[in-house]
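Take a look at the structure set out below.
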Amino acid sequence: MLRISQLKLPLDHAPDALPAAICARLGIEPAALRSWEMFRRGNDARKKSAIQLVYTIDAEVEDEAAMLARFAKDPDIRLTPDMNYHFVGHAPAEWSGKRPVVIGAGPCGLFAGLILAQMGLRPIILDRGKVVRERTKDTWGLWRRSQLNPDSNVQFGEGGAGTFSDGKLYCRVKDPHFLGRKVLHEFVKAGAPEDILYEAHPHIGTFRLVKMVEGIREQIESLGGEYRWQTRVDDLELDTLPDGMKRLRGLHLADGSFLEADHVVLAVGHSARPTFEMLHARGVHVEAKPFAIGVRIEHPQSWIDEARYGKFSRHPLLGTAAYSLV
């Protein structure tokens, strides 16, 4: 397929304008366009009187090789890259080795557990907090009644802190291998709106997140994964090898039990300070992460929409406007 970038159309263009624009851009007849799908949709609002939608399209055409040769010097027409997620391997059908353990059920632990489950490794996922519905009650208990549960709150429990955000899914991090597409596809399978797959600033919405987290948990469990809630890891059991290297043997849990494990994902977030202290005491190299300090500036959304979009503010295809102040 060919990827066509920077394809611009008026905001209120007709539904059939997009395939016509693809054909015009490539200089082909409609019959030569076999299929197409939208990869990205953004907007150009520099002229508020004539806002344009900016598309990136993946198109299947006749004689793709000839088309690539024809547009060899055009940076906006290229071969569509491979965006599939490639697993590093899969467990044999009769695999009975030690199950990998994931500590933490926030965004990192959620997807680590999902990938391991999809590889057939039946992970065990530990979290000191509770399932998302119970955790929501505890979090609101803190916010409304000042009652803190140290192990079930906005930082700890199923879904992590992001469960109580508004579900924005974009950042400035480069993604050359399209790993983010895997995340978006799994979110859609779990109940997110399909437009997150192509909107330039995808946004789920707060009240969908709980159901999505539950949906991913159900998929992990259906693949043989196991969750253990209200389970805190207090220490690691390490063996020292003859060459001085250390090998993980298992985990000491807060209830006094021991869980054998030789592959562990630490997805503990930034608030599990006792875990950081324990790792440091065990000789694990730890260094401070650099961070930036900013300020939060709040304006009524209507102000921003009108400033960015003018008379087109609140247009259904534009959504809420974004801006940055540096």
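Ligands are numbered from 1 in the order shown, residues from 1 within each chain, and chains are lettered A, B, ... in the order they appear in the structure tokens.
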
Using DSSP on the backbone coordinates, identify all residues within region 15-219 of chain A classified as helix (DSSP H, G or I); present the result as number ranges by chain.
A: 17-26, 30-32, 48-50, 64-70, 107-118, 132-145, 161-164, 179-189, 194-197, 206-219

Nearby residues (only C-alpha atoms) at most 12 Å from Thr240 (chain A), same-chain spacing under 5 positions excluded, as a PyMOL selection string
chain A and resi 245-249+282-283

Write the residues of the selection above to a file with all heavy atoms, as an mmCIF file, in the first residue's frame.
data_model
loop_
_atom_site.group_PDB
_atom_site.id
_atom_site.type_symbol
_atom_site.label_atom_id
_atom_site.label_comp_id
_atom_site.auth_asym_id
_atom_site.auth_seq_id
_atom_site.Cartn_x
_atom_site.Cartn_y
_atom_site.Cartn_z
ATOM 1 N N MET A 245 27.567 -12.961 39.770
ATOM 2 C CA MET A 245 26.284 -12.456 39.294
ATOM 3 C C MET A 245 25.170 -12.944 40.218
ATOM 4 O O MET A 245 25.313 -13.957 40.908
ATOM 5 C CB MET A 245 26.023 -12.923 37.863
ATOM 6 C CG MET A 245 27.027 -12.400 36.848
ATOM 7 S SD MET A 245 26.893 -10.613 36.582
ATOM 8 C CE MET A 245 25.340 -10.566 35.696
ATOM 9 N N LYS A 246 24.078 -12.213 40.231
ATOM 10 C CA LYS A 246 22.939 -12.593 41.058
ATOM 11 C C LYS A 246 21.766 -13.016 40.189
ATOM 12 O O LYS A 246 21.541 -12.461 39.115
ATOM 13 C CB LYS A 246 22.539 -11.430 41.976
ATOM 14 C CG LYS A 246 23.591 -11.112 43.027
ATOM 15 C CD LYS A 246 23.134 -10.028 43.979
ATOM 16 C CE LYS A 246 24.187 -9.782 45.058
ATOM 17 N NZ LYS A 246 23.760 -8.738 46.020
ATOM 18 N N ARG A 247 21.052 -14.020 40.682
ATOM 19 C CA ARG A 247 19.915 -14.556 39.942
ATOM 20 C C ARG A 247 18.689 -14.529 40.842
ATOM 21 O O ARG A 247 18.754 -14.899 42.014
ATOM 22 C CB ARG A 247 20.211 -15.984 39.501
ATOM 23 C CG ARG A 247 19.061 -16.642 38.726
ATOM 24 C CD ARG A 247 19.446 -18.041 38.296
ATOM 25 N NE ARG A 247 19.751 -18.885 39.440
ATOM 26 C CZ ARG A 247 20.375 -20.067 39.373
ATOM 27 N NH1 ARG A 247 20.775 -20.513 38.193
ATOM 28 N NH2 ARG A 247 20.600 -20.773 40.459
ATOM 29 N N LEU A 248 17.583 -14.088 40.272
ATOM 30 C CA LEU A 248 16.340 -14.018 41.032
ATOM 31 C C LEU A 248 15.788 -15.417 41.273
ATOM 32 O O LEU A 248 15.718 -16.245 40.353
ATOM 33 C CB LEU A 248 15.313 -13.181 40.260
ATOM 34 C CG LEU A 248 13.942 -13.000 40.905
ATOM 35 C CD1 LEU A 248 14.060 -12.170 42.180
ATOM 36 C CD2 LEU A 248 12.989 -12.331 39.927
ATOM 37 N N ARG A 249 15.387 -15.684 42.515
ATOM 38 C CA ARG A 249 14.795 -16.978 42.856
ATOM 39 C C ARG A 249 13.316 -16.861 43.185
ATOM 40 O O ARG A 249 12.558 -17.806 43.038
ATOM 41 C CB ARG A 249 15.548 -17.602 44.037
ATOM 42 C CG ARG A 249 15.254 -19.088 44.228
ATOM 43 C CD ARG A 249 16.240 -19.713 45.176
ATOM 44 N NE ARG A 249 16.035 -19.276 46.551
ATOM 45 C CZ ARG A 249 15.130 -19.819 47.375
ATOM 46 N NH1 ARG A 249 14.339 -20.800 46.954
ATOM 47 N NH2 ARG A 249 14.997 -19.385 48.603
ATOM 48 N N ARG A 282 19.268 -4.095 47.913
ATOM 49 C CA ARG A 282 19.663 -5.378 47.325
ATOM 50 C C ARG A 282 20.785 -5.230 46.308
ATOM 51 O O ARG A 282 21.193 -6.195 45.672
ATOM 52 C CB ARG A 282 18.448 -6.014 46.631
ATOM 53 C CG ARG A 282 17.463 -6.665 47.595
ATOM 54 C CD ARG A 282 18.100 -7.857 48.246
ATOM 55 N NE ARG A 282 17.187 -8.640 49.073
ATOM 56 C CZ ARG A 282 17.542 -9.755 49.670
ATOM 57 N NH1 ARG A 282 18.783 -10.195 49.537
ATOM 58 N NH2 ARG A 282 16.696 -10.416 50.418
ATOM 59 N N GLY A 283 21.274 -4.022 46.125
ATOM 60 C CA GLY A 283 22.407 -3.813 45.230
ATOM 61 C C GLY A 283 22.041 -3.501 43.800
ATOM 62 O O GLY A 283 22.910 -3.475 42.924
#

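Of the listed residues (A:Glu260, A:Met83, A:Thr320, A:Leu266), A:Thr320 comes nearest to Pro300 (chain A); the distances count only C-alpha atoms.
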
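Each of A:Leu251, A:Ala321, A:Ile125, A:Val188 was compared to Leu110 (chain A) using only C-alpha atoms, and A:Ile125 turns out to be the nearest.
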
Give me, as an MDAnalysis selection string, all polymer residues having an atom no more than 7 Å from region 201-213 of chain A, counting only C-alpha atoms and skipping those fewer than 6 positions away in the same chain.
chainID A and resid 132 159 163:170 187 190:193

Could you dump the residues just selected with N, CA and C atoms as a PDB file, in the first residue's frame?
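Listing of again12.pdb after writing:
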ATOM      1  N   VAL A 132     -10.633  -2.442  39.862  1.00  0.00           N
ATOM      2  CA  VAL A 132     -10.876  -1.033  39.563  1.00  0.00           C
ATOM      3  C   VAL A 132     -12.178  -0.510  40.166  1.00  0.00           C
ATOM      4  N   GLY A 159      -5.384  -0.457  36.971  1.00  0.00           N
ATOM      5  CA  GLY A 159      -5.453   0.654  36.022  1.00  0.00           C
ATOM      6  C   GLY A 159      -4.459   1.764  36.273  1.00  0.00           C
ATOM      7  N   THR A 163      -6.253   5.772  35.242  1.00  0.00           N
ATOM      8  CA  THR A 163      -7.671   5.416  35.213  1.00  0.00           C
ATOM      9  C   THR A 163      -8.546   6.609  35.564  1.00  0.00           C
ATOM     10  N   PHE A 164      -8.007   7.555  36.316  1.00  0.00           N
ATOM     11  CA  PHE A 164      -8.785   8.715  36.738  1.00  0.00           C
ATOM     12  C   PHE A 164      -8.410   9.964  35.942  1.00  0.00           C
ATOM     13  N   SER A 165      -7.760   9.751  34.796  1.00  0.00           N
ATOM     14  CA  SER A 165      -7.458  10.873  33.908  1.00  0.00           C
ATOM     15  C   SER A 165      -8.576  10.981  32.882  1.00  0.00           C
ATOM     16  N   ASP A 166      -8.399  11.874  31.897  1.00  0.00           N
ATOM     17  CA  ASP A 166      -9.431  12.010  30.869  1.00  0.00           C
ATOM     18  C   ASP A 166      -9.107  11.215  29.613  1.00  0.00           C
ATOM     19  N   GLY A 167      -8.088  10.358  29.692  1.00  0.00           N
ATOM     20  CA  GLY A 167      -7.853   9.424  28.602  1.00  0.00           C
ATOM     21  C   GLY A 167      -7.189   9.991  27.373  1.00  0.00           C
ATOM     22  N   LYS A 168      -6.370  11.025  27.519  1.00  0.00           N
ATOM     23  CA  LYS A 168      -5.622  11.528  26.362  1.00  0.00           C
ATOM     24  C   LYS A 168      -4.528  10.514  26.021  1.00  0.00           C
ATOM     25  N   LEU A 169      -4.349  10.261  24.718  1.00  0.00           N
ATOM     26  CA  LEU A 169      -3.454   9.192  24.286  1.00  0.00           C
ATOM     27  C   LEU A 169      -2.343   9.691  23.361  1.00  0.00           C
ATOM     28  N   TYR A 170      -1.975  10.941  23.460  1.00  0.00           N
ATOM     29  CA  TYR A 170      -0.940  11.436  22.568  1.00  0.00           C
ATOM     30  C   TYR A 170       0.176  12.100  23.366  1.00  0.00           C
ATOM     31  N   PHE A 187      -6.968  -1.119  22.886  1.00  0.00           N
ATOM     32  CA  PHE A 187      -7.962  -0.260  23.521  1.00  0.00           C
ATOM     33  C   PHE A 187      -9.297  -0.332  22.781  1.00  0.00           C
ATOM     34  N   ALA A 190     -11.108  -3.324  23.547  1.00  0.00           N
ATOM     35  CA  ALA A 190     -11.640  -3.292  24.912  1.00  0.00           C
ATOM     36  C   ALA A 190     -12.768  -2.280  25.089  1.00  0.00           C
ATOM     37  N   GLY A 191     -13.151  -1.586  24.015  1.00  0.00           N
ATOM     38  CA  GLY A 191     -14.304  -0.693  24.116  1.00  0.00           C
ATOM     39  C   GLY A 191     -14.054   0.766  23.832  1.00  0.00           C
ATOM     40  N   ALA A 192     -12.830   1.155  23.481  1.00  0.00           N
ATOM     41  CA  ALA A 192     -12.556   2.556  23.145  1.00  0.00           C
ATOM     42  C   ALA A 192     -13.146   2.891  21.779  1.00  0.00           C
ATOM     43  N   PRO A 193     -13.479   4.159  21.515  1.00  0.00           N
ATOM     44  CA  PRO A 193     -14.011   4.533  20.198  1.00  0.00           C
ATOM     45  C   PRO A 193     -12.979   4.313  19.099  1.00  0.00           C
TER      46      PRO A 193
END

What lies within 12 Å of region 22-31 of chain A using only C-alpha atoms, ignoring chain neighbours under 5 positions off, as a count of residues only?
32

Could you pull out the residues in region 46-273 of chain A that DSSP calls strand (DSSP E or B) from the backbone, as an MDAnalysis selection string?
chainID A and resid 52:61 77:79 101:103 124:126 168 199 203 226:228 233:240 246:253 258:260 264:266

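Across the model, the gap from CA of Gly109 (chain A) to CA of Lys174 (chain A) is 21.5 Å.
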
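For the set A:Asp305, A:Asp235, A:Asp127, A:Asp262, the residue with the smallest atom-to-atom gap to Glu277 (chain A) is A:Asp235, counting only C-alpha atoms.
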
Residues at most 7 Å from Arg232 (chain A), counting only C-alpha atoms, excluding those fewer than 5 positions away in the same chain, as a PyMOL selection string?
chain A and resi 127-128+253-254

Those residues with C-alpha atoms, as a compact mmCIF listing (two decimals), in the first residue's frame please?
# COMPACT_ATOMS: atom_id res chain seq x y z
CA ASP A 127 -0.94 -5.54 42.79
CA ARG A 128 -1.15 -4.16 46.29
CA LEU A 253 5.08 -11.23 49.86
CA ALA A 254 3.61 -9.08 52.63

Fewer than 3 positions away in the same chain doesn't count, so skip those; otherwise give me all residues within 12 Å of His270 (chain A), counting only C-alpha atoms, as a PyMOL selection string.
chain A and resi 104+106+108+155-156+160-161+266-267+273-276+288-289

Selection to disk with all heavy atoms, as a compact mmCIF listing (two decimals), in the first residue's frame:
# COMPACT_ATOMS: atom_id res chain seq x y z
N GLY A 104 2.50 -4.91 39.61
CA GLY A 104 1.84 -3.66 39.28
C GLY A 104 0.83 -3.85 38.16
O GLY A 104 1.10 -4.53 37.17
N GLY A 106 -0.87 -1.14 36.67
CA GLY A 106 -1.11 0.12 35.97
C GLY A 106 -0.92 -0.06 34.48
O GLY A 106 -0.91 -1.19 33.98
N CYS A 108 1.68 0.09 32.46
CA CYS A 108 2.81 -0.76 32.09
C CYS A 108 2.53 -2.21 32.42
O CYS A 108 2.70 -3.10 31.58
CB CYS A 108 4.07 -0.27 32.82
SG CYS A 108 5.53 -1.30 32.51
N GLN A 155 -3.11 6.14 43.34
CA GLN A 155 -1.80 5.65 42.90
C GLN A 155 -1.75 4.13 42.78
O GLN A 155 -1.02 3.60 41.94
CB GLN A 155 -0.71 6.11 43.89
CG GLN A 155 -0.56 7.61 43.99
CD GLN A 155 0.09 8.24 42.77
OE1 GLN A 155 0.35 7.57 41.78
NE2 GLN A 155 0.33 9.53 42.82
N PHE A 156 -2.47 3.42 43.62
CA PHE A 156 -2.34 1.96 43.66
C PHE A 156 -3.67 1.29 43.35
O PHE A 156 -4.72 1.72 43.83
CB PHE A 156 -1.84 1.51 45.04
CG PHE A 156 -0.51 2.11 45.43
CD1 PHE A 156 -0.40 2.92 46.53
CD2 PHE A 156 0.61 1.86 44.66
CE1 PHE A 156 0.82 3.48 46.89
CE2 PHE A 156 1.83 2.42 45.01
CZ PHE A 156 1.93 3.23 46.11
N GLY A 160 -3.92 1.86 37.51
CA GLY A 160 -2.95 2.91 37.81
C GLY A 160 -3.60 4.28 37.86
O GLY A 160 -4.82 4.44 37.74
N ALA A 161 -2.76 5.30 38.01
CA ALA A 161 -3.26 6.67 38.14
C ALA A 161 -4.02 7.13 36.90
O ALA A 161 -4.93 7.94 36.98
CB ALA A 161 -2.10 7.62 38.43
N LEU A 266 8.98 -5.39 36.85
CA LEU A 266 8.67 -4.41 37.89
C LEU A 266 7.95 -3.23 37.24
O LEU A 266 8.58 -2.37 36.63
CB LEU A 266 9.96 -3.94 38.57
CG LEU A 266 10.62 -4.94 39.52
CD1 LEU A 266 12.03 -4.50 39.86
CD2 LEU A 266 9.79 -5.07 40.79
N ALA A 267 6.64 -3.21 37.37
CA ALA A 267 5.82 -2.13 36.80
C ALA A 267 5.14 -1.40 37.94
O ALA A 267 3.92 -1.29 38.01
CB ALA A 267 4.79 -2.72 35.83
N ARG A 273 7.74 3.81 46.80
CA ARG A 273 9.06 4.14 47.34
C ARG A 273 9.69 3.01 48.14
O ARG A 273 10.91 2.80 48.06
CB ARG A 273 8.97 5.42 48.17
CG ARG A 273 8.59 6.63 47.33
CD ARG A 273 8.57 7.93 48.12
NE ARG A 273 8.23 9.04 47.24
CZ ARG A 273 9.12 9.69 46.48
NH1 ARG A 273 10.37 9.34 46.50
NH2 ARG A 273 8.71 10.69 45.71
N PRO A 274 8.93 2.25 48.95
CA PRO A 274 9.56 1.13 49.65
C PRO A 274 10.20 0.12 48.68
O PRO A 274 11.23 -0.49 49.01
CB PRO A 274 8.40 0.50 50.42
CG PRO A 274 7.44 1.63 50.64
CD PRO A 274 7.53 2.44 49.38
N THR A 275 9.62 -0.04 47.48
CA THR A 275 10.21 -0.95 46.50
C THR A 275 11.55 -0.41 46.01
O THR A 275 12.52 -1.16 45.86
CB THR A 275 9.25 -1.15 45.31
OG1 THR A 275 8.00 -1.64 45.80
CG2 THR A 275 9.82 -2.14 44.32
N PHE A 276 11.62 0.90 45.77
CA PHE A 276 12.89 1.49 45.33
C PHE A 276 13.96 1.31 46.41
O PHE A 276 15.12 0.98 46.12
CB PHE A 276 12.72 2.99 45.03
CG PHE A 276 11.63 3.31 44.04
CD1 PHE A 276 10.94 4.50 44.11
CD2 PHE A 276 11.32 2.42 43.03
CE1 PHE A 276 9.93 4.79 43.20
CE2 PHE A 276 10.32 2.70 42.11
CZ PHE A 276 9.63 3.90 42.21
N ALA A 288 18.57 8.71 39.94
CA ALA A 288 17.45 9.65 39.89
C ALA A 288 17.09 9.95 38.44
O ALA A 288 17.97 10.10 37.58
CB ALA A 288 17.80 10.93 40.62
N LYS A 289 15.82 10.03 38.16
CA LYS A 289 15.35 10.36 36.82
C LYS A 289 15.21 11.87 36.70
O LYS A 289 14.62 12.51 37.57
CB LYS A 289 13.99 9.69 36.59
CG LYS A 289 13.37 10.00 35.23
CD LYS A 289 12.00 9.34 35.11
CE LYS A 289 11.34 9.72 33.79
NZ LYS A 289 10.00 9.11 33.66

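Our summary of the geometry notes that CA of Tyr309 (chain A) is positioned 6.4 Å from CA of Ala45 (chain A).
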